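To be precise, the following lines are input10.cif, and they hold mmCIF, C-alpha atoms and all ligand atoms.
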data_input
#
loop_
_atom_site.label_atom_id
_atom_site.label_comp_id
_atom_site.auth_asym_id
_atom_site.auth_seq_id
_atom_site.Cartn_x
_atom_site.Cartn_y
_atom_site.Cartn_z
CA MET A 297 4.75 19.89 9.83
CA TYR A 298 4.98 23.48 11.10
CA GLU A 299 2.68 22.54 13.97
CA LYS A 300 4.98 19.60 14.80
CA LEU A 301 7.94 21.98 14.86
CA ILE A 302 6.08 24.30 17.22
CA THR A 303 5.28 21.35 19.53
CA CYS A 304 8.98 20.36 19.54
CA LEU A 305 10.03 23.95 20.16
CA GLU A 306 7.64 24.22 23.11
CA SER A 307 9.02 20.93 24.46
CA VAL A 308 12.57 22.32 24.31
CA ARG A 309 11.51 25.68 25.76
CA LYS A 310 10.08 23.91 28.80
CA LYS A 311 13.63 22.74 29.58
CA THR A 312 15.63 25.80 28.56
CA ASP A 313 15.17 29.27 27.13
CA PHE A 314 18.78 29.41 25.93
CA LYS A 315 19.10 31.43 22.69
CA PRO A 316 21.79 29.96 20.41
CA GLU A 317 23.28 31.95 17.54
CA ILE A 318 25.16 29.12 15.93
CA GLY A 319 24.04 25.55 15.33
CA LEU A 320 26.44 22.67 15.01
CA ILE A 321 25.64 19.17 13.80
CA LEU A 322 28.21 16.56 14.80
CA GLY A 323 28.85 13.59 12.53
CA SER A 324 29.75 9.96 13.29
CA GLY A 325 32.59 9.67 15.78
CA LEU A 326 32.72 13.47 16.17
CA GLY A 327 30.13 13.75 18.95
CA ASP A 328 32.75 14.23 21.68
CA TYR A 329 33.07 17.84 20.64
CA ALA A 330 29.95 18.60 22.67
CA ASP A 331 31.83 17.72 25.86
CA SER A 332 34.26 20.57 25.27
CA VAL A 333 31.71 23.39 25.40
CA ARG A 334 30.63 25.28 28.53
CA MET A 335 27.31 23.53 28.88
CA GLU A 336 24.23 25.43 30.05
CA ALA A 337 21.61 22.79 29.30
CA ALA A 338 21.09 19.53 27.47
CA VAL A 339 17.86 18.09 26.11
CA ASP A 340 17.64 14.44 25.07
CA TYR A 341 15.86 13.89 21.77
CA SER A 342 13.71 11.29 23.53
CA ASP A 343 12.36 14.04 25.82
CA ILE A 344 11.11 16.11 22.88
CA GLU A 345 7.57 15.32 21.87
CA GLY A 346 7.37 13.88 18.35
CA PHE A 347 11.13 14.00 17.79
CA PRO A 348 12.97 11.33 15.75
CA VAL A 349 15.62 9.49 17.81
CA SER A 350 18.88 8.30 16.22
CA THR A 351 19.65 4.60 16.49
CA VAL A 352 23.23 4.71 15.20
CA LYS A 353 26.20 3.75 17.38
CA GLY A 354 28.43 6.75 17.98
CA HIS A 355 25.44 9.09 17.79
CA ARG A 356 24.29 10.13 21.19
CA GLY A 357 20.98 11.82 20.61
CA ARG A 358 20.67 15.13 22.41
CA PHE A 359 20.87 18.89 21.97
CA VAL A 360 23.62 20.51 23.99
CA PHE A 361 23.23 24.23 24.70
CA GLY A 362 26.20 26.27 25.84
CA TYR A 363 29.08 28.55 24.98
CA VAL A 364 32.16 28.08 22.83
CA GLU A 365 34.22 30.86 24.39
CA ASN A 366 31.51 33.58 24.39
CA MET A 367 29.50 32.29 21.43
CA PRO A 368 26.09 30.82 22.31
CA VAL A 369 25.65 27.55 20.43
CA VAL A 370 23.33 24.60 20.15
CA ILE A 371 24.94 21.32 19.24
CA MET A 372 23.21 18.28 17.82
CA GLN A 373 25.15 15.47 19.39
CA GLY A 374 24.00 12.80 16.99
CA ARG A 375 21.84 13.30 13.93
CA VAL A 376 19.02 11.35 12.34
CA HIS A 377 19.66 9.59 9.02
CA TYR A 378 17.29 8.79 6.19
CA TYR A 379 18.43 5.14 6.19
CA GLU A 380 17.07 4.72 9.72
CA GLY A 381 13.63 4.69 8.14
CA TYR A 382 12.33 8.13 9.03
CA ALA A 383 10.39 10.26 6.60
CA MET A 384 12.66 12.91 5.08
CA SER A 385 10.61 15.60 6.84
CA ASP A 386 11.58 13.99 10.18
CA VAL A 387 15.24 13.66 9.15
CA VAL A 388 15.47 17.43 8.73
CA LEU A 389 13.15 18.31 11.63
CA PRO A 390 16.06 18.84 14.06
CA THR A 391 17.74 21.20 11.58
CA ARG A 392 14.56 23.21 11.17
CA LEU A 393 14.07 23.22 14.92
CA MET A 394 17.49 24.82 15.36
CA GLY A 395 16.40 27.50 12.89
CA MET A 396 13.27 28.07 14.96
CA MET A 397 15.38 28.33 18.12
CA GLY A 398 16.96 31.40 16.53
CA VAL A 399 20.10 29.92 14.98
CA LYS A 400 21.36 32.06 12.08
CA LYS A 401 24.46 30.12 11.07
CA LEU A 402 24.88 26.39 10.88
CA VAL A 403 28.06 24.32 10.86
CA LEU A 404 27.49 20.88 9.38
CA THR A 405 30.00 18.11 9.99
CA ASN A 406 30.20 14.50 8.90
CA ALA A 407 32.44 11.50 8.47
CA ALA A 408 32.91 10.78 4.78
CA GLY A 409 34.68 8.51 2.36
CA GLY A 410 37.34 10.15 0.22
CA VAL A 411 36.61 9.94 -3.51
CA ASN A 412 39.19 12.45 -4.69
CA GLU A 413 42.44 10.52 -5.22
CA SER A 414 44.54 13.24 -3.63
CA PHE A 415 42.72 12.85 -0.28
CA ARG A 416 43.95 10.70 2.61
CA PRO A 417 42.14 9.33 5.69
CA GLY A 418 42.40 11.94 8.44
CA ASP A 419 42.05 14.87 6.03
CA PHE A 420 39.44 17.57 6.60
CA MET A 421 37.48 18.77 3.59
CA MET A 422 35.54 22.01 3.52
CA ILE A 423 32.34 21.40 1.58
CA THR A 424 32.09 23.83 -1.34
CA ASP A 425 28.97 22.31 -2.91
CA HIS A 426 26.92 19.12 -2.88
CA ILE A 427 25.12 16.53 -4.98
CA SER A 428 22.37 14.24 -3.75
CA VAL A 429 21.80 10.81 -5.22
CA GLY A 430 18.67 8.81 -4.54
CA ILE A 431 17.39 10.75 -1.56
CA PRO A 432 14.16 12.71 -1.83
CA SER A 433 14.40 16.46 -1.38
CA PRO A 434 13.24 17.49 2.11
CA LEU A 435 11.22 20.23 0.40
CA ILE A 436 8.88 17.82 -1.41
CA GLY A 437 5.27 18.30 -0.36
CA GLN A 438 3.21 21.35 0.28
CA ASN A 439 5.49 24.34 0.86
CA ASP A 440 5.11 26.21 4.12
CA GLU A 441 5.87 29.86 3.42
CA ARG A 442 6.59 30.39 7.13
CA LEU A 443 9.75 28.32 6.60
CA GLY A 444 10.79 29.46 3.14
CA GLU A 445 9.84 29.87 -0.49
CA ARG A 446 8.65 27.16 -2.88
CA PHE A 447 11.65 27.25 -5.23
CA PRO A 448 14.67 28.31 -3.20
CA ASP A 449 17.94 29.17 -4.92
CA MET A 450 20.76 26.68 -4.28
CA SER A 451 23.60 28.36 -6.16
CA GLU A 452 25.50 29.14 -2.97
CA VAL A 453 24.44 26.59 -0.35
CA TYR A 454 27.75 26.86 1.52
CA SER A 455 28.24 30.59 2.00
CA LEU A 456 31.26 32.15 0.29
CA ARG A 457 31.70 34.38 3.30
CA LEU A 458 31.75 31.46 5.73
CA ARG A 459 34.07 29.53 3.42
CA ASP A 460 36.59 32.36 3.79
CA VAL A 461 36.17 32.20 7.56
CA VAL A 462 36.72 28.42 7.56
CA ARG A 463 39.84 28.68 5.38
CA LYS A 464 41.30 31.32 7.64
CA ALA A 465 40.43 29.33 10.78
CA ALA A 466 42.21 26.24 9.42
CA GLU A 467 45.23 28.32 8.49
CA GLU A 468 45.39 29.84 11.97
CA CYS A 469 45.19 26.35 13.49
CA GLY A 470 47.93 25.06 11.19
CA ILE A 471 45.52 22.43 9.89
CA SER A 472 45.64 21.62 6.20
CA LEU A 473 42.20 21.85 4.63
CA LYS A 474 41.02 20.19 1.43
CA GLU A 475 37.99 21.53 -0.42
CA GLY A 476 35.43 19.72 -2.49
CA VAL A 477 31.97 18.53 -3.39
CA TYR A 478 30.14 16.23 -0.95
CA VAL A 479 27.78 13.62 -2.31
CA GLN A 480 24.96 12.15 -0.19
CA LEU A 481 23.59 8.71 -1.02
CA THR A 482 20.96 6.95 1.06
CA GLY A 483 23.21 4.26 2.57
CA PRO A 484 23.22 2.29 4.80
CA ALA A 485 25.32 0.00 2.60
CA TYR A 486 28.62 1.54 1.63
CA GLU A 487 28.95 2.27 -2.07
CA THR A 488 30.23 -0.12 -4.71
CA PRO A 489 33.47 0.67 -6.57
CA ALA A 490 31.36 1.36 -9.70
CA GLU A 491 29.26 3.89 -7.78
CA ILE A 492 32.44 5.58 -6.57
CA ARG A 493 33.71 5.87 -10.17
CA MET A 494 30.36 7.37 -11.13
CA ILE A 495 30.55 9.87 -8.27
CA ARG A 496 34.07 10.86 -9.28
CA GLY A 497 32.91 11.31 -12.86
CA TRP A 498 30.15 13.61 -11.63
CA GLY A 499 32.64 15.80 -9.80
CA GLY A 500 32.22 14.43 -6.28
CA ASP A 501 35.17 14.52 -3.89
CA ALA A 502 33.69 12.89 -0.78
CA VAL A 503 30.75 10.60 -0.14
CA GLY A 504 28.47 10.00 2.82
CA MET A 505 24.95 9.37 4.06
CA SER A 506 23.93 12.73 5.57
CA THR A 507 24.27 16.50 5.43
CA VAL A 508 22.86 17.38 1.99
CA CYS A 509 19.23 17.05 3.07
CA GLU A 510 19.95 19.13 6.18
CA ALA A 511 21.74 21.75 4.07
CA ILE A 512 18.76 22.02 1.72
CA ALA A 513 16.29 22.43 4.61
CA ALA A 514 18.54 25.00 6.29
CA ARG A 515 19.03 27.05 3.11
CA HIS A 516 15.28 26.94 2.53
CA MET A 517 14.95 28.72 5.90
CA GLY A 518 17.65 31.21 4.96
CA LEU A 519 20.36 30.01 7.34
CA GLU A 520 23.98 30.66 6.44
CA LEU A 521 25.95 27.43 6.19
CA CYS A 522 29.36 25.90 6.15
CA GLY A 523 30.33 22.24 6.17
CA ILE A 524 33.33 20.15 7.15
CA SER A 525 33.83 16.50 6.20
CA CYS A 526 36.25 14.37 8.11
CA ILE A 527 37.67 11.92 5.58
CA THR A 528 37.72 8.71 7.59
CA ASN A 529 38.53 6.28 4.79
CA MET A 530 39.14 6.11 1.08
CA ALA A 531 35.89 5.19 -0.69
CA ALA A 532 35.05 1.68 -1.92
CA GLY A 533 37.45 0.18 -4.45
CA MET A 534 40.20 2.73 -3.83
CA THR A 535 42.08 0.53 -1.37
CA SER A 536 42.15 -3.23 -0.90
CA GLY A 537 40.38 -3.38 2.49
CA LYS A 538 36.69 -3.62 3.29
CA LEU A 539 34.79 -0.66 4.72
CA SER A 540 33.34 -0.81 8.21
CA HIS A 541 31.61 1.57 10.61
CA ARG A 542 34.30 0.69 13.18
CA GLU A 543 37.02 1.91 10.87
CA VAL A 544 35.08 5.14 10.32
CA GLN A 545 34.69 5.72 14.08
CA GLU A 546 38.33 4.89 14.82
CA ALA A 547 39.57 7.27 12.13
CA ALA A 548 37.29 10.02 13.46
CA ASP A 549 38.68 9.37 16.98
CA ARG A 550 42.25 9.74 15.75
CA VAL A 551 41.63 13.25 14.41
CA SER A 552 39.27 14.37 17.17
CA LYS A 553 41.84 16.72 18.74
CA ASP A 554 42.42 18.63 15.49
CA PHE A 555 38.69 18.53 14.77
CA LYS A 556 37.97 20.18 18.14
CA ARG A 557 40.56 22.89 17.54
CA LEU A 558 39.28 23.57 14.04
CA ILE A 559 35.59 23.68 14.97
CA THR A 560 36.25 25.93 17.97
CA LYS A 561 38.24 28.33 15.80
CA ILE A 562 35.49 28.34 13.17
CA VAL A 563 32.68 28.91 15.69
CA VAL A 564 34.36 31.82 17.41
CA SER A 565 35.24 33.41 14.04
CA LEU A 566 31.79 33.16 12.43
N1 LIG B 601 30.77 6.00 2.28
C1 LIG B 601 29.63 6.51 2.79
N2 LIG B 601 29.56 7.06 3.99
C2 LIG B 601 30.69 7.13 4.71
C3 LIG B 601 31.91 6.62 4.24
C4 LIG B 601 31.95 6.02 2.94
O1 LIG B 601 32.98 5.55 2.45
N3 LIG B 601 32.83 6.86 5.21
C5 LIG B 601 32.19 7.49 6.22
N4 LIG B 601 30.89 7.66 5.94
#

Would you kindly transcribe this structure into structure tokens?
Ligand code: HPA
Amino acid sequence: MYEKLITCLESVRKKTDFKPEIGLILGSGLGDYADSVRMEAAVDYSDIEGFPVSTVKGHRGRFVFGYVENMPVVIMQGRVHYYEGYAMSDVVLPTRLMGMMGVKKLVLTNAAGGVNESFRPGDFMMITDHISVGIPSPLIGQNDERLGERFPDMSEVYSLRLRDVVRKAAEECGISLKEGVYVQLTGPAYETPAEIRMIRGWGGDAVGMSTVCEAIAARHMGLELCGISCITNMAAGMTSGKLSHREVQEAADRVSKDFKRLITKIVVSL
């Protein structure tokens, strides 16, 4: 796996030697953010040897290198999901690759269903902690000490320091920010109402199909993390309508202006 990462890194380095400090993973419908940075280079996932390529609509599939104001960043415009059929080690390969590119801090974003009854579609939720249900840990298998230790601590996955930065950034933008626990299930089916009640009982506030595995792999490598969920819909059984990917994308589109402002403020404050 380490050798595969090195091959991918060499593939990227053939296209650009840009050194990002901050990594940003853009969730469903949020990929447009990459168009607002001062781009220095872009590398399509399909041009990286051995790299998993996302098949989901609304996920573009490339690394964008550039500056948010003066901050050098790498953006994953489109992520890879476990439900697409990749091995978990491939799902988190892009995250690890960003770590190997020199990224020290990672901003994770996603579209999520609201489980907490006080949430509304269009809300932003800062992730304070996570729970994974049904997905294998990306750390299963022989541990590679070059990446991190065998039994990494997960008591502060989303850094307290970065959480303060995110809160302050939202305040300065005049954007109201919820906080809560994000739960990752495998998908690709949306949850049942019974599953949502279970998640609420466990202390989950938002639900989705990504992010937790990436957060675990990134913490394993010692990156400092923060996460923002865009609540695109209330979770199954909480409203009368059916859930659809279109609804998720449309809701993400509606808040994209505020999302851009918030993420820019966070990135330049990190
Ligand atoms: N469930 C799971 N994933 C999601 C949802 C949801 O309700 N909304 C956006 N991504």

- Message: Could you list, as number ranges by chain, all residues that come within 10 Å of ligand LIG 601 (chain B)? Count only C-alpha atoms and all ligand atoms.
- Response: A: 323-325, 406-411, 417, 479-488, 492, 502-506, 525-534, 538-545, 547-548

Using C-alpha atoms, can you export the residues from the last selection as a JSON list (two decimals), keeping the file's coordinate frame?
[["chain", "number", "residue", "atom", "x", "y", "z"],
["A", 323, "GLY", "CA", 28.85, 13.59, 12.53],
["A", 324, "SER", "CA", 29.75, 9.96, 13.29],
["A", 325, "GLY", "CA", 32.59, 9.67, 15.78],
["A", 406, "ASN", "CA", 30.20, 14.50, 8.90],
["A", 407, "ALA", "CA", 32.44, 11.50, 8.47],
["A", 408, "ALA", "CA", 32.91, 10.78, 4.78],
["A", 409, "GLY", "CA", 34.68, 8.51, 2.36],
["A", 410, "GLY", "CA", 37.34, 10.15, 0.22],
["A", 411, "VAL", "CA", 36.61, 9.94, -3.51],
["A", 417, "PRO", "CA", 42.14, 9.33, 5.69],
["A", 479, "VAL", "CA", 27.78, 13.62, -2.31],
["A", 480, "GLN", "CA", 24.96, 12.15, -0.19],
["A", 481, "LEU", "CA", 23.59, 8.71, -1.02],
["A", 482, "THR", "CA", 20.96, 6.95, 1.06],
["A", 483, "GLY", "CA", 23.21, 4.26, 2.57],
["A", 484, "PRO", "CA", 23.22, 2.29, 4.80],
["A", 485, "ALA", "CA", 25.32, 0.00, 2.60],
["A", 486, "TYR", "CA", 28.62, 1.54, 1.63],
["A", 487, "GLU", "CA", 28.95, 2.27, -2.07],
["A", 488, "THR", "CA", 30.23, -0.12, -4.71],
["A", 492, "ILE", "CA", 32.44, 5.58, -6.57],
["A", 502, "ALA", "CA", 33.69, 12.89, -0.78],
["A", 503, "VAL", "CA", 30.75, 10.60, -0.14],
["A", 504, "GLY", "CA", 28.47, 10.00, 2.82],
["A", 505, "MET", "CA", 24.95, 9.37, 4.06],
["A", 506, "SER", "CA", 23.93, 12.73, 5.57],
["A", 525, "SER", "CA", 33.83, 16.50, 6.20],
["A", 526, "CYS", "CA", 36.25, 14.37, 8.11],
["A", 527, "ILE", "CA", 37.67, 11.92, 5.58],
["A", 528, "THR", "CA", 37.72, 8.71, 7.59],
["A", 529, "ASN", "CA", 38.53, 6.28, 4.79],
["A", 530, "MET", "CA", 39.14, 6.11, 1.08],
["A", 531, "ALA", "CA", 35.89, 5.19, -0.69],
["A", 532, "ALA", "CA", 35.05, 1.68, -1.92],
["A", 533, "GLY", "CA", 37.45, 0.18, -4.45],
["A", 534, "MET", "CA", 40.20, 2.73, -3.83],
["A", 538, "LYS", "CA", 36.69, -3.62, 3.29],
["A", 539, "LEU", "CA", 34.79, -0.66, 4.72],
["A", 540, "SER", "CA", 33.34, -0.81, 8.21],
["A", 541, "HIS", "CA", 31.61, 1.57, 10.61],
["A", 542, "ARG", "CA", 34.30, 0.69, 13.18],
["A", 543, "GLU", "CA", 37.02, 1.91, 10.87],
["A", 544, "VAL", "CA", 35.08, 5.14, 10.32],
["A", 545, "GLN", "CA", 34.69, 5.72, 14.08],
["A", 547, "ALA", "CA", 39.57, 7.27, 12.13],
["A", 548, "ALA", "CA", 37.29, 10.02, 13.46]]

- Nearest candidate to A:Phe447 (options A:Ile512, A:Ile321, A:Leu402, A:Val369; using only C-alpha atoms):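 Smallest distance to A:Phe447 is found for A:Ile512.
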
Is it possible to get the axis-aligned box enclosing stretch 488-502 of chain A (all listed atoms, 5 Å extra per side) as AutoDock Vina command-line options, with centre and edge lengths in Å rounded to one decimal?
--center_x 32.2 --center_y 7.8 --center_z -6.8 --size_x 15.9 --size_y 25.9 --size_z 22.1

- Query: So, counting only C-alpha atoms, which residue among A:Val477, A:Met450, A:Arg392, A:Met421 is closest to A:Phe555?
  - Reply: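 Of A:Val477, A:Met450, A:Arg392, A:Met421, the one nearest A:Phe555 is A:Met421, counting only C-alpha atoms.
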
- Query: Using all atoms listed in the file, which residue out of A:Val551, A:Leu566, A:Ile471, A:Leu521 lies closest to A:Ile423?
  - Reply: A:Leu521

Give me stretch 477-496 of chain A with N, CA, C and O atoms filled in, as a compact mmCIF listing (two decimals), in the frame of the given file.
# COMPACT_ATOMS: atom_id res chain seq x y z
N VAL A 477 33.41 18.76 -3.26
CA VAL A 477 31.97 18.53 -3.39
C VAL A 477 31.60 17.25 -2.63
O VAL A 477 32.20 16.19 -2.84
N TYR A 478 30.62 17.37 -1.75
CA TYR A 478 30.14 16.23 -0.95
C TYR A 478 28.90 15.64 -1.62
O TYR A 478 28.01 16.36 -2.05
N VAL A 479 28.89 14.32 -1.69
CA VAL A 479 27.78 13.62 -2.31
C VAL A 479 27.06 12.78 -1.26
O VAL A 479 27.69 11.98 -0.57
N GLN A 480 25.75 12.98 -1.12
CA GLN A 480 24.96 12.15 -0.19
C GLN A 480 24.20 11.09 -0.95
O GLN A 480 23.43 11.38 -1.87
N LEU A 481 24.41 9.83 -0.55
CA LEU A 481 23.59 8.71 -1.02
C LEU A 481 22.76 8.24 0.17
O LEU A 481 23.02 8.64 1.31
N THR A 482 21.81 7.35 -0.07
CA THR A 482 20.96 6.95 1.06
C THR A 482 21.72 6.13 2.08
O THR A 482 21.44 6.21 3.26
N GLY A 483 22.72 5.28 1.67
CA GLY A 483 23.21 4.26 2.57
C GLY A 483 22.07 3.31 2.84
O GLY A 483 21.03 3.39 2.16
N PRO A 484 22.11 2.44 3.86
CA PRO A 484 23.22 2.29 4.80
C PRO A 484 24.36 1.43 4.28
O PRO A 484 25.40 1.37 4.92
N ALA A 485 24.18 0.74 3.13
CA ALA A 485 25.32 0.00 2.60
C ALA A 485 26.34 1.02 2.11
O ALA A 485 25.95 2.09 1.62
N TYR A 486 27.60 0.70 2.26
CA TYR A 486 28.62 1.54 1.63
C TYR A 486 28.48 1.37 0.12
O TYR A 486 27.83 0.43 -0.36
N GLU A 487 29.09 2.26 -0.61
CA GLU A 487 28.95 2.27 -2.07
C GLU A 487 29.72 1.10 -2.69
O GLU A 487 30.61 0.51 -2.08
N THR A 488 29.43 0.84 -3.95
CA THR A 488 30.23 -0.12 -4.71
C THR A 488 31.35 0.67 -5.41
O THR A 488 31.24 1.89 -5.60
N PRO A 489 32.42 -0.03 -5.81
CA PRO A 489 33.47 0.67 -6.57
C PRO A 489 32.92 1.35 -7.83
O PRO A 489 33.36 2.46 -8.17
N ALA A 490 31.93 0.75 -8.48
CA ALA A 490 31.36 1.36 -9.70
C ALA A 490 30.64 2.67 -9.34
O ALA A 490 30.73 3.66 -10.07
N GLU A 491 29.94 2.65 -8.21
CA GLU A 491 29.26 3.89 -7.78
C GLU A 491 30.28 4.99 -7.47
O GLU A 491 30.05 6.17 -7.76
N ILE A 492 31.40 4.58 -6.89
CA ILE A 492 32.44 5.58 -6.57
C ILE A 492 33.01 6.17 -7.87
O ILE A 492 33.23 7.38 -7.98
N ARG A 493 33.22 5.33 -8.88
CA ARG A 493 33.71 5.87 -10.17
C ARG A 493 32.69 6.84 -10.76
O ARG A 493 33.04 7.87 -11.32
N MET A 494 31.43 6.48 -10.63
CA MET A 494 30.36 7.37 -11.13
C MET A 494 30.41 8.72 -10.39
O MET A 494 30.35 9.79 -11.02
N ILE A 495 30.53 8.64 -9.08
CA ILE A 495 30.55 9.87 -8.27
C ILE A 495 31.75 10.74 -8.66
O ILE A 495 31.63 11.96 -8.79
N ARG A 496 32.88 10.09 -8.89
CA ARG A 496 34.07 10.86 -9.28
C ARG A 496 33.83 11.53 -10.63
O ARG A 496 34.17 12.69 -10.83
